[in-house]
Amino acid sequence: MVNESSFEAVKIRYLVLWIVLFFVVMIGLLVATHTLLNGAEWSVGFGLLFYGLISYWMLRNFREINLDYSKFIGHIPRDYNWFSLLTIVFAVIIFSLGMGELSRYILSVLDPGILAELPSTSLFYTPQDTPLAPFMNFLDFLTGVIAAPIVEEFLFRGVILHRFTFKWGLKKAVIASSVIFGLLHSDFIGAFIFALVMCILYIKTATLLVPILAHMINNMLAYGTQILSNINQQNTAYVSASPHPNIGVAALLLFVAGVIIFYFLYKNWPKIYWNPPYFQRYYQGVQENHYY
């Protein structure tokens with residue numbers, strides 16, 4: 001029995017309050033223990049605790065609304081086109097790379113010396129950062145590639161998408177949840193586009209497993225790119241600290257990825273009569289969004 005009011009009891013503002021209180025507590029702990037733990041250990045610990053808090057909040061709400069997990073999570077669809085999934089994931093990654101190159105180009109135009117002044121960034125900690133670097137990197141990898149995709153997909157494509165759909169309808173819910181997702185990431189435009197794609201994957205397949213897998217692949221490739229970058233720097237006699245950004249490369253990446261993403265969104269954008277997976281009905285065994 002579909003109960004579209006199930007998510008009425010889920011109040012996103014309470015999650016915001018929980019997060020604000022979490023930050024206040026963590027800042028207090030950081031001040032109190034800054035001489036005991038270094039930045040790397042704090043960063044990894046913060047990430048684990050943050051995702052743990054969100055998971056606990058969701059589980060509490062799931063118990064209150066008596067969530068049907070099998071319908072909410074769904075099942076891997078039969079005969080799914082996994083090649084199309086990899087294609088759209090790669091397109092999103094290429095788009096993000098293009099946005100990064102474009103941002104660096106704009107910064108270099110505004111201030112030619114600013115890129116050289118920016119600190120180098122890496123996903124991996126070194127022995128200079130912490131004596132526990134291998135273990136911290138392992139935990140950070142588990143958080144970024146396993147925990148983050150699961151928790152974020154449950155929250156944004158699961159809870160928030162259904163809650164906003166109950167309030168405003170599916171199309172507005174897709175856009176609003178994607179905007180929030182983008183605001184919480186450093187690359188707003190890239191994260192916003194990524195969130196739109198993940199919403200469509202969830203709606204079309206009726207399972208969170210597909211966007212979770214896509215999210216994991218995306219984050220895994222980010223780590224893989226960083227590893228290759230580190231190896232390249234170690235094996236190159238001279239590496240420029242901040243190579244000059246190429247507007248042509250940025251334009252090519254954005255064009256190729258943009259065409260693929262635009263076609264995907266245009267072809268699969270929710271119809272006016274569609275519902276998110278938990279609200280969908282089945283007719284003659286066929287999912288509502290595919291029946292019509």
# chains A, B, ... in the order shown; residues from 1 in each chain; ligands from 1

call {"tool": "residues_around", "arguments": {"residues": "region 93-97 of chain A", "least_positions_apart": "4", "cutoff": "12 Å", "atoms": "only C-alpha atoms", "output": "ChimeraX atom specification"}}
result
/A:86-89,101-104,185-194,197,214-215,217-222,225,245-246,249-262

call {"tool": "write_last_selection", "arguments": {"atoms": "C-alpha atoms", "output": "CSV table (one decimal), in the first residue's frame"}}
result
chain,number,residue,atom,x,y,z
A,86,LEU,CA,29.4,4.0,-17.1
A,87,THR,CA,28.9,6.4,-20.0
A,88,ILE,CA,26.9,9.0,-17.9
A,89,VAL,CA,29.3,8.6,-14.9
A,101,GLU,CA,40.0,23.8,-15.7
A,102,LEU,CA,37.7,26.6,-16.6
A,103,SER,CA,37.7,27.9,-13.0
A,104,ARG,CA,41.5,27.8,-13.0
A,185,HIS,CA,30.3,20.7,-2.4
A,186,SER,CA,33.2,22.9,-3.5
A,187,ASP,CA,32.3,22.5,-7.2
A,188,PHE,CA,28.7,23.7,-7.1
A,189,ILE,CA,27.9,23.4,-10.8
A,190,GLY,CA,29.6,20.0,-11.2
A,191,ALA,CA,28.0,18.7,-8.0
A,192,PHE,CA,24.6,20.1,-9.1
A,193,ILE,CA,24.7,18.3,-12.5
A,194,PHE,CA,25.9,15.1,-10.8
A,197,VAL,CA,21.9,12.6,-13.0
A,214,ALA,CA,27.5,5.3,-9.9
A,215,HIS,CA,28.5,7.5,-6.9
A,217,ILE,CA,32.6,4.8,-9.3
A,218,ASN,CA,32.7,8.6,-9.5
A,219,ASN,CA,34.6,8.8,-6.1
A,220,MET,CA,36.8,5.9,-6.9
A,221,LEU,CA,37.9,7.5,-10.2
A,222,ALA,CA,38.7,10.7,-8.3
A,225,THR,CA,43.1,10.2,-10.8
A,245,PRO,CA,45.2,26.2,-17.5
A,246,ASN,CA,44.1,25.6,-21.1
A,249,VAL,CA,40.9,21.8,-23.1
A,250,ALA,CA,38.2,23.2,-20.8
A,251,ALA,CA,35.9,23.9,-23.7
A,252,LEU,CA,36.4,20.5,-25.3
A,253,LEU,CA,35.7,18.7,-22.0
A,254,LEU,CA,32.6,20.7,-21.2
A,255,PHE,CA,31.3,20.4,-24.8
A,256,VAL,CA,31.7,16.6,-25.0
A,257,ALA,CA,30.4,15.9,-21.5
A,258,GLY,CA,27.7,18.6,-21.8
A,259,VAL,CA,26.2,17.0,-24.9
A,260,ILE,CA,26.0,13.5,-23.3
A,261,ILE,CA,24.6,14.9,-20.0
A,262,PHE,CA,22.0,17.2,-21.8

call {"tool": "closest_atom_pairs", "arguments": {"of": "region 189-222 of chain A", "to": "region 162-173 of chain A", "cutoff": "12 Å", "atoms": "only C-alpha atoms", "output": "Markdown table"}}
result
| residue | atom | partner | partner_atom | distance |
| --- | --- | --- | --- | --- |
| A:Ala195 | CA | A:Ala173 | CA | 11.5 |
| A:Leu196 | CA | A:Ala173 | CA | 10.3 |
| A:Cys199 | CA | A:Ala173 | CA | 9.5 |
| A:Ile200 | CA | A:Lys171 | CA | 10.4 |
| A:Tyr202 | CA | A:His162 | CA | 11.3 |
| A:Ile203 | CA | A:Leu170 | CA | 9.7 |

call {"tool": "residues_around", "arguments": {"residues": "region 46-62 of chain A", "least_positions_apart": "4", "cutoff": "7 Å", "atoms": "only C-alpha atoms", "output": "list in words"}}
result
Val10, Trp42, Asn66, Leu67, Thr143 and Val151 of chain A

call {"tool": "write_last_selection", "arguments": {"atoms": "N, CA and C atoms", "output": "PDB file, in the first residue's frame"}}
result
ATOM      1  N   VAL A  10       8.988  13.512   8.250  1.00  0.00           N
ATOM      2  CA  VAL A  10      10.426  13.750   8.166  1.00  0.00           C
ATOM      3  C   VAL A  10      10.664  15.248   8.016  1.00  0.00           C
ATOM      4  N   TRP A  42      42.108  14.721  12.726  1.00  0.00           N
ATOM      5  CA  TRP A  42      40.844  15.402  12.976  1.00  0.00           C
ATOM      6  C   TRP A  42      39.947  15.361  11.747  1.00  0.00           C
ATOM      7  N   ASN A  66       7.990   3.883   9.797  1.00  0.00           N
ATOM      8  CA  ASN A  66       7.866   2.464   9.463  1.00  0.00           C
ATOM      9  C   ASN A  66       8.195   2.223   7.989  1.00  0.00           C
ATOM     10  N   LEU A  67       9.387   2.634   7.601  1.00  0.00           N
ATOM     11  CA  LEU A  67       9.804   2.589   6.206  1.00  0.00           C
ATOM     12  C   LEU A  67       9.878   1.164   5.676  1.00  0.00           C
ATOM     13  N   THR A 143      35.760   6.122   3.793  1.00  0.00           N
ATOM     14  CA  THR A 143      34.750   7.156   3.977  1.00  0.00           C
ATOM     15  C   THR A 143      34.324   7.737   2.642  1.00  0.00           C
ATOM     16  N   VAL A 151      25.590   7.004   2.221  1.00  0.00           N
ATOM     17  CA  VAL A 151      24.871   7.950   3.083  1.00  0.00           C
ATOM     18  C   VAL A 151      24.274   9.085   2.264  1.00  0.00           C
TER      19      VAL A 151
END

call {"tool": "residues_around", "arguments": {"residues": "region 127-129 of chain A", "least_positions_apart": "2", "cutoff": "10 Å", "atoms": "only C-alpha atoms", "output": "list of chain:residue names"}}
result
A:Asn38, A:Gly39, A:Ala40, A:Glu41, A:Phe124, A:Tyr125, A:Pro131, A:Leu132, A:Ala133, A:Pro134

call {"tool": "residues_around", "arguments": {"residues": "Asn268 (chain A)", "least_positions_apart": "4", "cutoff": "9 Å", "atoms": "only C-alpha atoms", "output": "number ranges by chain"}}
result
A: 200-201, 204, 263-264

call {"tool": "closest_residue", "arguments": {"among": "A:Leu139, A:Ile247, A:Leu183, A:Ile73", "to": "Ala206 (chain A)", "atoms": "only C-alpha atoms"}}
result
A:Ile73

call {"tool": "select_by_dssp", "arguments": {"residues": "region 21-147 of chain A", "states": "helix (DSSP H, G or I)", "output": "MDAnalysis selection string"}}
result
chainID A and resid 21:33 39:64 69:73 82:110 114:117 133:147
